[in-house]
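So this block is structure-v3.cif, mmCIF, C-alpha atoms:
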data_protein
loop_
_atom_site.group_PDB
_atom_site.id
_atom_site.type_symbol
_atom_site.label_atom_id
_atom_site.label_comp_id
_atom_site.auth_asym_id
_atom_site.auth_seq_id
_atom_site.Cartn_x
_atom_site.Cartn_y
_atom_site.Cartn_z
ATOM 1 C CA MET A 933 0.000 0.000 0.000
ATOM 2 C CA PRO A 934 1.190 3.564 -0.681
ATOM 3 C CA LYS A 935 2.596 5.500 2.256
ATOM 4 C CA SER A 936 0.492 8.467 1.145
ATOM 5 C CA ASP A 937 -2.006 9.386 -1.525
ATOM 6 C CA SER A 938 -0.682 12.933 -1.719
ATOM 7 C CA GLY A 939 2.959 12.388 -2.697
ATOM 8 C CA PRO A 940 4.757 14.189 -5.515
ATOM 9 C CA THR A 941 3.242 14.119 -8.992
ATOM 10 C CA VAL A 942 5.518 12.481 -11.559
ATOM 11 C CA SER A 943 6.162 12.564 -15.279
ATOM 12 C CA LEU A 944 7.608 9.102 -15.929
ATOM 13 C CA VAL A 945 9.984 8.494 -18.846
ATOM 14 C CA LEU A 946 10.620 4.839 -19.670
ATOM 15 C CA GLY A 947 13.565 4.128 -21.946
ATOM 16 C CA SER A 948 14.340 1.482 -24.551
ATOM 17 C CA GLY A 949 16.426 -1.647 -24.073
ATOM 18 C CA GLY A 950 14.627 -4.879 -24.933
ATOM 19 C CA ALA A 951 13.915 -7.317 -22.113
ATOM 20 C CA ARG A 952 15.656 -5.036 -19.617
ATOM 21 C CA GLY A 953 12.495 -2.956 -19.961
ATOM 22 C CA LEU A 954 10.742 -5.412 -17.656
ATOM 23 C CA ALA A 955 12.569 -3.468 -14.943
ATOM 24 C CA HIS A 956 10.155 -0.607 -15.670
ATOM 25 C CA ILE A 957 7.459 -2.618 -13.902
ATOM 26 C CA GLY A 958 9.538 -2.680 -10.727
ATOM 27 C CA VAL A 959 10.132 1.074 -10.914
ATOM 28 C CA ILE A 960 6.397 1.734 -11.277
ATOM 29 C CA ARG A 961 5.626 -0.579 -8.365
ATOM 30 C CA TRP A 962 8.111 1.264 -6.121
ATOM 31 C CA LEU A 963 6.682 4.659 -7.075
ATOM 32 C CA GLU A 964 3.128 3.526 -6.387
ATOM 33 C CA GLU A 965 4.000 1.910 -3.065
ATOM 34 C CA HIS A 966 5.724 5.084 -1.880
ATOM 35 C CA GLY A 967 2.964 7.512 -2.713
ATOM 36 C CA TYR A 968 4.283 9.001 -5.961
ATOM 37 C CA ARG A 969 1.445 9.891 -8.334
ATOM 38 C CA ILE A 970 2.246 9.158 -11.977
ATOM 39 C CA ARG A 971 0.468 11.832 -14.008
ATOM 40 C CA SER A 972 2.013 11.258 -17.435
ATOM 41 C CA VAL A 973 4.043 8.553 -19.133
ATOM 42 C CA VAL A 974 6.456 8.803 -22.060
ATOM 43 C CA GLY A 975 7.801 5.546 -23.439
ATOM 44 C CA CYS A 976 10.276 4.442 -26.060
ATOM 45 C CA SER A 977 10.385 0.876 -27.412
ATOM 46 C CA MET A 978 9.952 -1.513 -24.458
ATOM 47 C CA GLY A 979 9.295 1.575 -22.365
ATOM 48 C CA ALA A 980 6.379 2.374 -24.660
ATOM 49 C CA LEU A 981 4.983 -1.113 -24.167
ATOM 50 C CA VAL A 982 5.179 -1.106 -20.355
ATOM 51 C CA GLY A 983 4.243 2.578 -20.128
ATOM 52 C CA GLY A 984 1.266 2.228 -22.448
ATOM 53 C CA VAL A 985 -0.052 -0.777 -20.574
ATOM 54 C CA HIS A 986 0.313 1.098 -17.275
ATOM 55 C CA ALA A 987 -1.399 4.192 -18.692
ATOM 56 C CA ALA A 988 -4.282 1.920 -19.715
ATOM 57 C CA GLY A 989 -4.602 0.654 -16.139
ATOM 58 C CA LYS A 990 -3.663 -2.909 -17.111
ATOM 59 C CA LEU A 991 -0.206 -3.348 -15.596
ATOM 60 C CA ASP A 992 -1.385 -6.071 -13.190
ATOM 61 C CA GLU A 993 -2.566 -8.240 -16.069
ATOM 62 C CA TYR A 994 0.605 -7.664 -18.066
ATOM 63 C CA GLU A 995 2.865 -8.343 -15.086
ATOM 64 C CA ARG A 996 1.179 -11.673 -14.349
ATOM 65 C CA TRP A 997 1.621 -12.702 -17.983
ATOM 66 C CA ALA A 998 5.247 -11.492 -18.142
ATOM 67 C CA ARG A 999 6.195 -13.371 -14.972
ATOM 68 C CA ALA A 1000 4.689 -16.595 -16.341
ATOM 69 C CA ILE A 1001 6.063 -16.582 -19.890
ATOM 70 C CA THR A 1002 8.775 -19.093 -20.831
ATOM 71 C CA MET A 1003 11.374 -18.917 -23.587
ATOM 72 C CA VAL A 1004 9.355 -21.516 -25.516
ATOM 73 C CA GLU A 1005 6.399 -19.121 -25.455
ATOM 74 C CA VAL A 1006 8.624 -16.160 -26.414
ATOM 75 C CA VAL A 1007 9.777 -18.079 -29.494
ATOM 76 C CA SER A 1008 6.161 -19.036 -30.302
ATOM 77 C CA LEU A 1009 5.324 -15.306 -30.599
ATOM 78 C CA ILE A 1010 7.900 -14.824 -33.364
ATOM 79 C CA ASP A 1011 5.992 -14.621 -36.648
ATOM 80 C CA LEU A 1012 8.782 -14.627 -39.200
ATOM 81 C CA SER A 1013 8.427 -12.332 -42.185
ATOM 82 C CA TRP A 1014 11.646 -13.258 -44.041
ATOM 83 C CA ASN A 1015 11.376 -9.773 -45.492
ATOM 84 C CA ARG A 1016 14.514 -7.756 -46.082
ATOM 85 C CA ALA A 1017 12.918 -4.970 -44.052
ATOM 86 C CA GLY A 1018 12.892 -7.109 -40.899
ATOM 87 C CA LEU A 1019 12.816 -10.593 -39.436
ATOM 88 C CA VAL A 1020 9.527 -10.425 -37.524
ATOM 89 C CA LYS A 1021 6.117 -9.059 -38.535
ATOM 90 C CA GLY A 1022 5.065 -8.479 -34.924
ATOM 91 C CA ASP A 1023 1.372 -9.249 -35.510
ATOM 92 C CA ARG A 1024 1.413 -12.215 -33.138
ATOM 93 C CA VAL A 1025 3.029 -10.262 -30.289
ATOM 94 C CA ILE A 1026 0.669 -7.311 -30.642
ATOM 95 C CA GLY A 1027 -2.345 -9.601 -31.040
ATOM 96 C CA THR A 1028 -1.452 -11.427 -27.834
ATOM 97 C CA LEU A 1029 -1.005 -8.174 -25.917
ATOM 98 C CA THR A 1030 -4.234 -6.710 -27.289
ATOM 99 C CA GLU A 1031 -6.106 -9.836 -26.199
ATOM 100 C CA LEU A 1032 -4.495 -9.562 -22.757
ATOM 101 C CA VAL A 1033 -4.983 -5.825 -22.231
ATOM 102 C CA GLY A 1034 -7.878 -4.958 -24.547
ATOM 103 C CA GLN A 1035 -8.347 -2.361 -27.259
ATOM 104 C CA ALA A 1036 -7.757 1.254 -26.240
ATOM 105 C CA ARG A 1037 -7.143 4.628 -27.811
ATOM 106 C CA ILE A 1038 -4.387 6.810 -26.404
ATOM 107 C CA GLU A 1039 -6.603 9.883 -26.089
ATOM 108 C CA ASP A 1040 -9.028 7.889 -23.891
ATOM 109 C CA LEU A 1041 -6.427 6.578 -21.421
ATOM 110 C CA PRO A 1042 -6.709 7.620 -17.758
ATOM 111 C CA ILE A 1043 -3.051 8.741 -17.799
ATOM 112 C CA PRO A 1044 -1.667 10.864 -20.668
ATOM 113 C CA PHE A 1045 0.722 8.762 -22.740
ATOM 114 C CA THR A 1046 3.276 9.419 -25.470
ATOM 115 C CA ALA A 1047 4.974 6.693 -27.518
ATOM 116 C CA VAL A 1048 8.178 7.767 -29.247
ATOM 117 C CA ALA A 1049 9.156 6.319 -32.618
ATOM 118 C CA CYS A 1050 11.643 7.332 -35.316
ATOM 119 C CA GLU A 1051 10.939 8.340 -38.895
ATOM 120 C CA LEU A 1052 14.130 7.201 -40.583
ATOM 121 C CA PRO A 1053 14.075 9.036 -43.943
ATOM 122 C CA GLU A 1054 13.526 12.375 -42.173
ATOM 123 C CA GLN A 1055 15.737 11.402 -39.207
ATOM 124 C CA LYS A 1056 13.266 12.790 -36.703
ATOM 125 C CA GLU A 1057 11.392 11.696 -33.612
ATOM 126 C CA VAL A 1058 7.676 11.048 -33.890
ATOM 127 C CA TRP A 1059 5.578 11.544 -30.763
ATOM 128 C CA ILE A 1060 2.396 9.475 -30.953
ATOM 129 C CA ARG A 1061 -0.307 10.835 -28.659
ATOM 130 C CA SER A 1062 -3.492 9.659 -30.318
ATOM 131 C CA GLY A 1063 -4.930 6.659 -32.082
ATOM 132 C CA PRO A 1064 -4.952 2.950 -31.169
ATOM 133 C CA LEU A 1065 -2.601 2.246 -28.272
ATOM 134 C CA PHE A 1066 -1.065 -0.895 -29.712
ATOM 135 C CA ASP A 1067 -0.481 0.697 -33.116
ATOM 136 C CA ALA A 1068 1.658 3.281 -31.328
ATOM 137 C CA ILE A 1069 3.463 0.624 -29.293
ATOM 138 C CA ARG A 1070 4.124 -1.480 -32.404
ATOM 139 C CA ALA A 1071 5.731 1.525 -34.103
ATOM 140 C CA SER A 1072 7.870 2.352 -31.082
ATOM 141 C CA ILE A 1073 9.208 -1.217 -30.651
ATOM 142 C CA SER A 1074 10.209 -1.684 -34.311
ATOM 143 C CA LEU A 1075 13.828 -2.591 -33.658
ATOM 144 C CA PRO A 1076 15.670 -2.229 -36.990
ATOM 145 C CA MET A 1077 16.400 -5.544 -38.746
ATOM 146 C CA PHE A 1078 14.311 -7.423 -36.187
ATOM 147 C CA PHE A 1079 10.784 -6.015 -36.505
ATOM 148 C CA THR A 1080 9.496 -4.789 -39.841
ATOM 149 C CA PRO A 1081 8.874 -1.000 -39.889
ATOM 150 C CA VAL A 1082 5.386 0.406 -39.368
ATOM 151 C CA GLU A 1083 3.724 2.703 -41.876
ATOM 152 C CA ARG A 1084 1.775 5.554 -40.282
ATOM 153 C CA ASN A 1085 0.401 8.584 -42.111
ATOM 154 C CA GLY A 1086 2.598 7.756 -45.085
ATOM 155 C CA ALA A 1087 5.809 7.536 -43.022
ATOM 156 C CA LYS A 1088 7.837 4.441 -42.166
ATOM 157 C CA LEU A 1089 8.508 4.296 -38.431
ATOM 158 C CA VAL A 1090 11.073 2.289 -36.459
ATOM 159 C CA ASP A 1091 12.178 1.966 -32.834
ATOM 160 C CA GLY A 1092 12.365 5.363 -31.133
ATOM 161 C CA GLY A 1093 15.627 4.324 -29.469
ATOM 162 C CA VAL A 1094 17.412 4.896 -32.773
ATOM 163 C CA LEU A 1095 17.304 8.635 -32.059
ATOM 164 C CA ASN A 1096 16.339 8.992 -28.405
ATOM 165 C CA PRO A 1097 16.423 6.021 -26.020
ATOM 166 C CA VAL A 1098 15.285 8.145 -23.021
ATOM 167 C CA PRO A 1099 12.960 10.819 -24.439
ATOM 168 C CA ILE A 1100 12.625 13.645 -21.887
ATOM 169 C CA ALA A 1101 11.369 16.403 -24.213
ATOM 170 C CA PRO A 1102 7.743 15.191 -24.428
ATOM 171 C CA THR A 1103 7.396 15.947 -20.684
ATOM 172 C CA PHE A 1104 8.327 19.635 -20.983
ATOM 173 C CA GLY A 1105 4.709 20.800 -20.950
ATOM 174 C CA ASP A 1106 3.729 18.654 -17.961
ATOM 175 C CA GLU A 1107 2.639 20.378 -14.769
ATOM 176 C CA THR A 1108 4.163 17.809 -12.442
ATOM 177 C CA GLU A 1109 6.556 18.103 -9.536
ATOM 178 C CA LEU A 1110 9.148 15.557 -10.689
ATOM 179 C CA THR A 1111 10.399 14.045 -13.909
ATOM 180 C CA VAL A 1112 11.701 10.521 -13.315
ATOM 181 C CA ALA A 1113 13.559 8.829 -16.165
ATOM 182 C CA VAL A 1114 14.531 5.147 -16.375
ATOM 183 C CA ASN A 1115 17.641 4.522 -18.469
ATOM 184 C CA LEU A 1116 18.094 0.886 -19.496
ATOM 185 C CA GLY A 1117 21.574 1.590 -20.864
ATOM 186 C CA GLY A 1118 23.276 2.227 -17.539
ATOM 187 C CA ALA A 1119 26.902 1.444 -16.758
ATOM 188 C CA VAL A 1120 27.931 -2.209 -16.751
ATOM 189 C CA ASP A 1121 27.624 -3.687 -13.287
ATOM 190 C CA GLY A 1122 30.482 -6.084 -12.666
ATOM 191 C CA SER A 1123 29.126 -7.260 -9.332
ATOM 192 C CA HIS A 1124 28.578 -10.940 -8.701
ATOM 193 C CA GLU A 1125 24.897 -10.138 -8.099
ATOM 194 C CA ILE A 1126 24.380 -9.266 -11.764
ATOM 195 C CA GLU A 1127 26.508 -12.158 -12.965
ATOM 196 C CA ARG A 1128 24.468 -14.680 -10.965
ATOM 197 C CA ARG A 1129 21.340 -13.540 -12.721
ATOM 198 C CA ALA A 1130 22.526 -14.947 -16.073
ATOM 199 C CA PRO A 1131 20.569 -18.127 -16.928
ATOM 200 C CA ALA A 1132 22.087 -21.249 -18.406
ATOM 201 C CA PRO A 1133 21.825 -21.465 -22.210
ATOM 202 C CA SER A 1134 18.661 -23.183 -23.423
ATOM 203 C CA ALA A 1135 17.575 -24.870 -26.632
ATOM 204 C CA GLU A 1136 14.764 -22.325 -26.957
ATOM 205 C CA ALA A 1137 17.127 -19.357 -26.699
ATOM 206 C CA ASP A 1138 19.407 -21.019 -29.241
ATOM 207 C CA SER A 1139 16.429 -21.460 -31.566
ATOM 208 C CA LEU A 1140 15.627 -17.752 -31.443
ATOM 209 C CA ARG A 1141 19.278 -16.879 -31.981
ATOM 210 C CA ASP A 1142 19.368 -19.224 -34.993
ATOM 211 C CA HIS A 1143 16.337 -17.491 -36.529
ATOM 212 C CA VAL A 1144 18.052 -14.108 -36.263
ATOM 213 C CA ASP A 1145 21.413 -15.410 -37.480
ATOM 214 C CA ARG A 1146 19.880 -17.082 -40.535
ATOM 215 C CA PHE A 1147 17.982 -13.933 -41.457
ATOM 216 C CA ILE A 1148 21.036 -11.672 -41.213
ATOM 217 C CA SER A 1149 23.228 -14.255 -42.966
ATOM 218 C CA ARG A 1150 20.745 -14.280 -45.838
ATOM 219 C CA LEU A 1151 21.068 -10.500 -46.109
ATOM 220 C CA ARG A 1152 24.860 -10.799 -46.202
ATOM 221 C CA GLU A 1153 24.693 -13.354 -48.996
ATOM 222 C CA THR A 1154 22.663 -10.965 -51.156
ATOM 223 C CA VAL A 1155 25.537 -8.477 -51.109
ATOM 224 C CA GLY A 1156 28.327 -11.048 -51.290
ATOM 225 C CA ASN A 1157 29.755 -10.175 -47.906
ATOM 226 C CA ARG A 1158 29.704 -13.531 -46.150
ATOM 227 C CA ARG A 1159 32.780 -14.640 -44.158
ATOM 228 C CA ASP A 1160 33.260 -17.884 -42.322
ATOM 229 C CA ASP A 1161 34.842 -16.189 -39.323
ATOM 230 C CA ASP A 1162 32.045 -13.643 -38.790
ATOM 231 C CA TRP A 1163 30.814 -13.196 -35.240
ATOM 232 C CA SER A 1164 27.275 -14.219 -34.438
ATOM 233 C CA ALA A 1165 25.054 -11.804 -36.326
ATOM 234 C CA TYR A 1166 22.693 -11.724 -33.355
ATOM 235 C CA ASP A 1167 25.509 -10.650 -31.021
ATOM 236 C CA ILE A 1168 26.767 -7.998 -33.426
ATOM 237 C CA ALA A 1169 23.335 -6.473 -33.937
ATOM 238 C CA HIS A 1170 22.553 -6.581 -30.215
ATOM 239 C CA GLN A 1171 25.861 -5.097 -29.059
ATOM 240 C CA ALA A 1172 25.946 -2.444 -31.778
ATOM 241 C CA PHE A 1173 22.432 -1.225 -31.002
ATOM 242 C CA ASP A 1174 23.127 -1.257 -27.256
ATOM 243 C CA ALA A 1175 26.330 0.738 -27.744
ATOM 244 C CA MET A 1176 24.544 3.266 -29.925
ATOM 245 C CA GLN A 1177 21.648 3.662 -27.520
ATOM 246 C CA GLY A 1178 23.925 3.954 -24.502
ATOM 247 C CA THR A 1179 25.914 6.776 -26.066
ATOM 248 C CA ILE A 1180 22.816 8.658 -27.234
ATOM 249 C CA ALA A 1181 21.138 8.235 -23.843
ATOM 250 C CA ARG A 1182 24.108 9.764 -22.010
ATOM 251 C CA LEU A 1183 24.094 12.760 -24.341
ATOM 252 C CA LYS A 1184 20.334 13.272 -24.111
ATOM 253 C CA LEU A 1185 20.279 12.979 -20.323
ATOM 254 C CA ALA A 1186 23.129 15.476 -20.053
ATOM 255 C CA ALA A 1187 21.327 17.925 -22.343
ATOM 256 C CA TYR A 1188 17.902 17.509 -20.716
ATOM 257 C CA PRO A 1189 18.510 16.210 -17.193
ATOM 258 C CA PRO A 1190 15.424 14.859 -15.408
ATOM 259 C CA ASP A 1191 14.968 15.370 -11.685
ATOM 260 C CA VAL A 1192 15.777 11.708 -11.027
ATOM 261 C CA THR A 1193 17.400 9.076 -13.235
ATOM 262 C CA VAL A 1194 17.010 5.398 -12.416
ATOM 263 C CA GLU A 1195 19.885 3.509 -14.042
ATOM 264 C CA ILE A 1196 19.491 -0.138 -15.071
ATOM 265 C CA PRO A 1197 22.833 -1.781 -15.983
ATOM 266 C CA ARG A 1198 23.006 -2.654 -19.655
ATOM 267 C CA ASN A 1199 24.440 -6.084 -18.806
ATOM 268 C CA ALA A 1200 21.508 -6.976 -16.525
ATOM 269 C CA CYS A 1201 20.027 -9.293 -19.165
ATOM 270 C CA GLY A 1202 20.016 -9.932 -22.898
ATOM 271 C CA LEU A 1203 17.885 -8.139 -25.457
ATOM 272 C CA MET A 1204 15.447 -11.041 -25.888
ATOM 273 C CA GLU A 1205 15.522 -12.692 -22.441
ATOM 274 C CA PHE A 1206 11.862 -12.023 -21.732
ATOM 275 C CA ASP A 1207 11.664 -15.129 -19.575
ATOM 276 C CA ARG A 1208 13.569 -13.277 -16.823
ATOM 277 C CA ALA A 1209 10.739 -10.996 -15.737
ATOM 278 C CA GLU A 1210 10.881 -11.840 -12.045
ATOM 279 C CA GLU A 1211 14.486 -10.770 -11.595
ATOM 280 C CA MET A 1212 14.230 -7.746 -13.899
ATOM 281 C CA ILE A 1213 11.174 -6.468 -12.016
ATOM 282 C CA ALA A 1214 13.050 -6.950 -8.742
ATOM 283 C CA LEU A 1215 16.047 -5.106 -10.174
ATOM 284 C CA GLY A 1216 13.868 -2.166 -11.258
ATOM 285 C CA TYR A 1217 12.334 -1.980 -7.785
ATOM 286 C CA GLU A 1218 15.773 -2.095 -6.171
ATOM 287 C CA ARG A 1219 17.233 0.606 -8.446
ATOM 288 C CA ALA A 1220 14.183 2.860 -7.932
ATOM 289 C CA ALA A 1221 14.676 2.568 -4.175
ATOM 290 C CA ARG A 1222 18.349 3.402 -4.576
ATOM 291 C CA SER A 1223 17.648 6.500 -6.703
ATOM 292 C CA LEU A 1224 14.508 7.794 -4.992
ATOM 293 C CA GLY A 1225 14.643 6.395 -1.476
ATOM 294 C CA ARG A 1226 16.523 9.342 0.016
ATOM 295 C CA ARG A 1227 14.265 12.073 -1.362
#

Could you render the structure as structure tokens?
Amino acid sequence: MPKSDSGPTVSLVLGSGGARGLAHIGVIRWLEEHGYRIRSVVGCSMGALVGGVHAAGKLDEYERWARAITMVEVVSLIDLSWNRAGLVKGDRVIGTLTELVGQARIEDLPIPFTAVACELPEQKEVWIRSGPLFDAIRASISLPMFFTPVERNGAKLVDGGVLNPVPIAPTFGDETELTVAVNLGGAVDGSHEIERRAPAPSAEADSLRDHVDRFISRLRETVGNRRDDDWSAYDIAHQAFDAMQGTIARLKLAAYPPDVTVEIPRNACGLMEFDRAEEMIALGYERAARSLGRR
């Protein structure tokens, strides 16, 4: 139960970072339990998914599902497109979430919500504040080369983390007392605590990795750039995108510092390890307490 129902009002910014975004649930739980009143949510990529579900008042349902999902079920949600624009269509994921949470329009949500995507040809952020909730989430999570882009109003949209992994600017007009940002690209934590969280390799995880590797290998073959000693394409894509997002996030947070930043180590879990919800939620709760507990 919250300590108070009259704590500070909060604009909550939830950043991008794949399965690490499950930590956002833990941050929200800590804020709620300690009387903070979330009055607006801005989300990018996985932050858009968790933030949109919370803004719709359906976080309990999503959390129960996320805690129960196995890697076998994660793989079952991958509807391969084998399209050069991306590996996964994303219809199955969004359909499952819509069935779980229900249809909603952003303008009708009890908490104002903004999903941030990227329009690549124009190299600009797109702030989605109206229309079907899961259309906005699908655009924001369109990780390049993994999910196929989304067409909206004649523009092709991809993951908002390409340009702004922790988008503070959409909160500038909010009349709240605090802006709290969650950065999923925090400094590597070399502690044994983080290392112990790593699960043993599984056949299901290998299957997903194989899907991604085969797709990217096929792209290489079309341009005649295949080498036998190439690293795993999955690892290259994952590490490159993480490095890019981490650098951009540091610059953005320095330029537009929020009142509080909750840092989630970028080595806390892998991009697609969605079967690790329990520990990621606990980590988000722990890091929220560390960042906000002394206020």

_As a check of understanding, name the residues that the PyMOL selection byres ((chain A and resi 982) around 8) selects in the supplied structure, as an NGL selection string._
:A and (953-954 or 956-957 or 975 or 978-981 or 983-986 or 991)

*asked:* Selection in question (the file shown): the PyMOL selection byres ((chain A and resi 1217-1222) around 7). Which residues does it include, as a list in words?
replied: Gly958, Val959, Arg961, Trp962, Val1194, Glu1195, Ile1213, Ala1214, Leu1215, Gly1216, Ser1223, Leu1224 and Gly1225 of chain A

*Give me, please, the distance in Å between CA of Gly967 in chain A and CA of Gly1117 in chain A, quoted to one decimal.*
26.7 Å

_Two-atom distance - CA of Leu1052 in chain A, CA of Leu1089 in chain A (Å)_ =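 Here the two named atoms are 6.7 Å from each other.
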
*Convert the output of the PyMOL selection byres ((chain A and resi 998) around 9) on the shown file into explicit residues, formatted as a VMD selection string.*
chain A and resid 954 993 to 997 999 to 1002 1206 to 1210

_Excluding Glu1107 in chain A and its own-chain neighbours fewer than 6 positions away, which residues fall within 10 Å of it when counting all atoms listed in the file? Please give them as a PyMOL selection string._
chain A and resi 941-943+971-972

Same residues, C-alpha atoms, output as a PDB file, in the coordinates of the input:
ATOM      1  CA  THR A 941       3.242  14.119  -8.992  1.00  0.00           C
ATOM      2  CA  VAL A 942       5.518  12.481 -11.559  1.00  0.00           C
ATOM      3  CA  SER A 943       6.162  12.564 -15.279  1.00  0.00           C
ATOM      4  CA  ARG A 971       0.468  11.832 -14.008  1.00  0.00           C
ATOM      5  CA  SER A 972       2.013  11.258 -17.435  1.00  0.00           C
TER       6      SER A 972
END

Can you write range 1183-1190 of chain A from the block above with all heavy atoms, as a PDB file, in the first residue's frame?
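Wrote part.pdb, looks like this:
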ATOM      1  N   LEU A1183      24.120  11.406 -23.795  1.00  0.00           N
ATOM      2  CA  LEU A1183      24.094  12.760 -24.341  1.00  0.00           C
ATOM      3  C   LEU A1183      22.750  13.434 -24.081  1.00  0.00           C
ATOM      4  O   LEU A1183      22.689  14.614 -23.704  1.00  0.00           O
ATOM      5  CB  LEU A1183      24.391  12.721 -25.843  1.00  0.00           C
ATOM      6  CG  LEU A1183      25.806  12.287 -26.244  1.00  0.00           C
ATOM      7  CD1 LEU A1183      25.896  12.101 -27.756  1.00  0.00           C
ATOM      8  CD2 LEU A1183      26.838  13.311 -25.772  1.00  0.00           C
ATOM      9  N   LYS A1184      21.672  12.703 -24.304  1.00  0.00           N
ATOM     10  CA  LYS A1184      20.334  13.272 -24.111  1.00  0.00           C
ATOM     11  C   LYS A1184      20.085  13.613 -22.647  1.00  0.00           C
ATOM     12  O   LYS A1184      19.506  14.665 -22.323  1.00  0.00           O
ATOM     13  CB  LYS A1184      19.269  12.302 -24.620  1.00  0.00           C
ATOM     14  CG  LYS A1184      19.281  12.065 -26.120  1.00  0.00           C
ATOM     15  CD  LYS A1184      18.766  13.279 -26.873  1.00  0.00           C
ATOM     16  CE  LYS A1184      18.616  12.980 -28.354  1.00  0.00           C
ATOM     17  NZ  LYS A1184      18.074  14.148 -29.100  1.00  0.00           N
ATOM     18  N   LEU A1185      20.493  12.732 -21.747  1.00  0.00           N
ATOM     19  CA  LEU A1185      20.279  12.979 -20.323  1.00  0.00           C
ATOM     20  C   LEU A1185      21.125  14.145 -19.821  1.00  0.00           C
ATOM     21  O   LEU A1185      20.715  14.872 -18.909  1.00  0.00           O
ATOM     22  CB  LEU A1185      20.577  11.711 -19.522  1.00  0.00           C
ATOM     23  CG  LEU A1185      19.564  10.577 -19.697  1.00  0.00           C
ATOM     24  CD1 LEU A1185      20.085   9.288 -19.065  1.00  0.00           C
ATOM     25  CD2 LEU A1185      18.220  10.954 -19.084  1.00  0.00           C
ATOM     26  N   ALA A1186      22.303  14.325 -20.417  1.00  0.00           N
ATOM     27  CA  ALA A1186      23.129  15.476 -20.053  1.00  0.00           C
ATOM     28  C   ALA A1186      22.519  16.775 -20.560  1.00  0.00           C
ATOM     29  O   ALA A1186      22.561  17.809 -19.883  1.00  0.00           O
ATOM     30  CB  ALA A1186      24.537  15.300 -20.620  1.00  0.00           C
ATOM     31  N   ALA A1187      21.921  16.723 -21.751  1.00  0.00           N
ATOM     32  CA  ALA A1187      21.327  17.925 -22.343  1.00  0.00           C
ATOM     33  C   ALA A1187      20.010  18.289 -21.673  1.00  0.00           C
ATOM     34  O   ALA A1187      19.700  19.480 -21.496  1.00  0.00           O
ATOM     35  CB  ALA A1187      21.113  17.717 -23.841  1.00  0.00           C
ATOM     36  N   TYR A1188      19.213  17.275 -21.317  1.00  0.00           N
ATOM     37  CA  TYR A1188      17.902  17.509 -20.716  1.00  0.00           C
ATOM     38  C   TYR A1188      17.786  16.670 -19.443  1.00  0.00           C
ATOM     39  O   TYR A1188      17.073  15.665 -19.409  1.00  0.00           O
ATOM     40  CB  TYR A1188      16.787  17.128 -21.688  1.00  0.00           C
ATOM     41  CG  TYR A1188      16.877  17.797 -23.031  1.00  0.00           C
ATOM     42  CD1 TYR A1188      17.221  17.072 -24.171  1.00  0.00           C
ATOM     43  CD2 TYR A1188      16.621  19.157 -23.167  1.00  0.00           C
ATOM     44  CE1 TYR A1188      17.305  17.690 -25.415  1.00  0.00           C
ATOM     45  CE2 TYR A1188      16.706  19.787 -24.407  1.00  0.00           C
ATOM     46  CZ  TYR A1188      17.040  19.042 -25.519  1.00  0.00           C
ATOM     47  OH  TYR A1188      17.126  19.654 -26.742  1.00  0.00           O
ATOM     48  N   PRO A1189      18.495  17.055 -18.391  1.00  0.00           N
ATOM     49  CA  PRO A1189      18.510  16.210 -17.193  1.00  0.00           C
ATOM     50  C   PRO A1189      17.157  16.169 -16.491  1.00  0.00           C
ATOM     51  O   PRO A1189      16.553  17.215 -16.227  1.00  0.00           O
ATOM     52  CB  PRO A1189      19.558  16.878 -16.297  1.00  0.00           C
ATOM     53  CG  PRO A1189      19.648  18.280 -16.790  1.00  0.00           C
ATOM     54  CD  PRO A1189      19.339  18.250 -18.243  1.00  0.00           C
ATOM     55  N   PRO A1190      16.643  14.975 -16.206  1.00  0.00           N
ATOM     56  CA  PRO A1190      15.424  14.859 -15.408  1.00  0.00           C
ATOM     57  C   PRO A1190      15.748  15.141 -13.945  1.00  0.00           C
ATOM     58  O   PRO A1190      16.918  15.304 -13.569  1.00  0.00           O
ATOM     59  CB  PRO A1190      15.021  13.402 -15.621  1.00  0.00           C
ATOM     60  CG  PRO A1190      16.316  12.698 -15.853  1.00  0.00           C
ATOM     61  CD  PRO A1190      17.201  13.671 -16.582  1.00  0.00           C
TER      62      PRO A1190
END
